>>> print(open('entry.pdb').read())   # PDB, C-alpha atoms
ATOM      1  CA  MET A   1      48.537  -7.798 103.442  1.00  0.00           C
ATOM      2  CA  SER A   2      50.703  -7.872 100.328  1.00  0.00           C
ATOM      3  CA  ASP A   3      53.984  -6.021  99.757  1.00  0.00           C
ATOM      4  CA  GLN A   4      52.161  -3.804  97.264  1.00  0.00           C
ATOM      5  CA  ASP A   5      49.555  -2.875  99.895  1.00  0.00           C
ATOM      6  CA  ILE A   6      52.310  -2.024 102.380  1.00  0.00           C
ATOM      7  CA  GLN A   7      54.157   0.114  99.822  1.00  0.00           C
ATOM      8  CA  LEU A   8      50.935   1.993  99.041  1.00  0.00           C
ATOM      9  CA  LEU A   9      50.352   2.735 102.726  1.00  0.00           C
ATOM     10  CA  GLU A  10      53.986   3.785 103.202  1.00  0.00           C
ATOM     11  CA  SER A  11      53.767   6.170 100.233  1.00  0.00           C
ATOM     12  CA  GLN A  12      50.734   7.869 101.798  1.00  0.00           C
ATOM     13  CA  PHE A  13      52.370   8.276 105.212  1.00  0.00           C
ATOM     14  CA  PRO A  14      54.161  11.635 104.656  1.00  0.00           C
ATOM     15  CA  ALA A  15      51.004  13.429 103.495  1.00  0.00           C
ATOM     16  CA  VAL A  16      48.786  11.874 106.171  1.00  0.00           C
ATOM     17  CA  SER A  17      51.257  12.572 108.981  1.00  0.00           C
ATOM     18  CA  GLY A  18      51.726  16.156 107.771  1.00  0.00           C
ATOM     19  CA  SER A  19      47.971  16.698 107.889  1.00  0.00           C
ATOM     20  CA  ALA A  20      47.739  15.143 111.352  1.00  0.00           C
ATOM     21  CA  PHE A  21      50.511  17.367 112.735  1.00  0.00           C
ATOM     22  CA  ALA A  22      48.985  20.496 111.186  1.00  0.00           C
ATOM     23  CA  ALA A  23      45.573  19.657 112.677  1.00  0.00           C
ATOM     24  CA  ALA A  24      47.097  18.985 116.116  1.00  0.00           C
ATOM     25  CA  ARG A  25      49.015  22.294 115.962  1.00  0.00           C
ATOM     26  CA  ASP A  26      45.822  24.150 115.069  1.00  0.00           C
ATOM     27  CA  ARG A  27      43.928  22.505 117.965  1.00  0.00           C
ATOM     28  CA  VAL A  28      46.646  23.425 120.456  1.00  0.00           C
ATOM     29  CA  LEU A  29      46.718  27.059 119.287  1.00  0.00           C
ATOM     30  CA  ALA A  30      42.907  27.233 119.306  1.00  0.00           C
ATOM     31  CA  ALA A  31      42.954  26.031 122.926  1.00  0.00           C
ATOM     32  CA  GLY A  32      45.114  29.032 123.823  1.00  0.00           C
ATOM     33  CA  HIS A  33      48.437  27.230 124.204  1.00  0.00           C
ATOM     34  CA  SER A  34      51.743  27.860 122.455  1.00  0.00           C
ATOM     35  CA  VAL A  35      53.651  25.434 120.219  1.00  0.00           C
ATOM     36  CA  LEU A  36      57.310  25.046 119.333  1.00  0.00           C
ATOM     37  CA  GLN A  37      58.363  25.021 115.709  1.00  0.00           C
ATOM     38  CA  SER A  38      61.684  25.082 113.909  1.00  0.00           C
ATOM     39  CA  GLN A  39      62.278  27.389 110.978  1.00  0.00           C
ATOM     40  CA  ASP A  40      65.499  28.480 109.274  1.00  0.00           C
ATOM     41  CA  GLY A  41      67.744  27.058 111.993  1.00  0.00           C
ATOM     42  CA  VAL A  42      65.837  28.525 114.932  1.00  0.00           C
ATOM     43  CA  ILE A  43      63.337  26.983 117.351  1.00  0.00           C
ATOM     44  CA  TYR A  44      60.466  29.399 117.951  1.00  0.00           C
ATOM     45  CA  GLU A  45      57.668  29.428 120.488  1.00  0.00           C
ATOM     46  CA  VAL A  46      54.551  30.385 118.521  1.00  0.00           C
ATOM     47  CA  PHE A  47      51.606  31.851 120.410  1.00  0.00           C
ATOM     48  CA  PRO A  48      47.889  31.788 119.492  1.00  0.00           C
ATOM     49  CA  ASP A  49      48.028  35.488 118.538  1.00  0.00           C
ATOM     50  CA  GLY A  50      50.710  34.703 115.909  1.00  0.00           C
ATOM     51  CA  ARG A  51      53.613  36.123 117.886  1.00  0.00           C
ATOM     52  CA  LYS A  52      56.930  34.200 117.632  1.00  0.00           C
ATOM     53  CA  VAL A  53      59.728  34.200 120.202  1.00  0.00           C
ATOM     54  CA  ALA A  54      63.126  32.725 119.289  1.00  0.00           C
ATOM     55  CA  ILE A  55      64.121  30.067 121.810  1.00  0.00           C
ATOM     56  CA  LYS A  56      67.300  28.505 120.436  1.00  0.00           C
ATOM     57  CA  HIS A  57      69.482  28.362 117.325  1.00  0.00           C
ATOM     58  CA  ILE A  58      69.943  24.831 115.993  1.00  0.00           C
ATOM     59  CA  GLU A  59      72.084  23.120 113.382  1.00  0.00           C
ATOM     60  CA  PRO A  60      70.578  22.767 109.905  1.00  0.00           C
ATOM     61  CA  PRO A  61      68.874  19.469 109.083  1.00  0.00           C
ATOM     62  CA  THR A  62      71.008  16.625 107.749  1.00  0.00           C
ATOM     63  CA  PRO A  63      70.044  15.849 104.160  1.00  0.00           C
ATOM     64  CA  SER A  64      69.270  12.204 103.511  1.00  0.00           C
ATOM     65  CA  VAL A  65      68.508   9.926 100.613  1.00  0.00           C
ATOM     66  CA  PRO A  66      65.900   7.159 100.957  1.00  0.00           C
ATOM     67  CA  GLY A  67      67.634   3.910 101.832  1.00  0.00           C
ATOM     68  CA  LYS A  68      70.791   5.572 103.156  1.00  0.00           C
ATOM     69  CA  ILE A  69      72.108   4.026 106.360  1.00  0.00           C
ATOM     70  CA  PHE A  70      73.359   6.251 109.178  1.00  0.00           C
ATOM     71  CA  THR A  71      75.602   4.907 111.916  1.00  0.00           C
ATOM     72  CA  LEU A  72      75.115   6.646 115.272  1.00  0.00           C
ATOM     73  CA  ARG A  73      78.071   6.758 117.610  1.00  0.00           C
TER      74      ARG A  73
END
>>> encode(input="entry.pdb", output="structure tokens")
Amino acid sequence: MSDQDIQLLESQFPAVSGSAFAAARDRVLAAGHSVLQSQDGVIYEVFPDGRKVAIKHIEPPTPSVPGKIFTLR
């Protein structure tokens, strides 16, 4: 597999993974279970009937730039 092939696959990953997560979420809700989702700094439990219950407030996401290196302490 060439570097160009790998770059092509990597560029498709965000869209493909987004679709996979959305499909999995839909399957879980259709089976009658709840899911957790974060939105606007809050984690919500979302139920199949569309109801949302706030579970926890969280810090906003850390913005990043492709190629940036983070050091974890």
>>> resolve_selection(input="entry.pdb", expression="the PyMOL selection byres ((chain A and resi 29-34) around 9)", output="list in words")
Ala24, Arg25, Asp26, Arg27, Val28, Val35, Leu36, Glu45, Val46, Phe47, Pro48 and Asp49 of chain A
>>> closest_residue(input="entry.pdb", among="A:Lys68, A:Tyr44, A:Gln37, A:Glu10", to="Ala22 of chain A", atoms="all atoms listed in the file")
A:Gln37
>>> closest_residue(input="entry.pdb", among="A:Ala23, A:Ile69, A:Ile58, A:Val16", to="Val42 of chain A", atoms="all atoms listed in the file")
A:Ile58
>>> atom_distance(input="entry.pdb", atom1="atom CA of Gln12 of chain A", atom2="atom CA of Pro66 of chain A")
15.2 Å
>>> atom_distance(input="entry.pdb", atom1="atom CA of Asp40 of chain A", atom2="atom CA of Ser64 of chain A")
17.7 Å
>>> atom_distance(input="entry.pdb", atom1="atom CA of Leu9 of chain A", atom2="atom CA of Pro61 of chain A")
25.8 Å
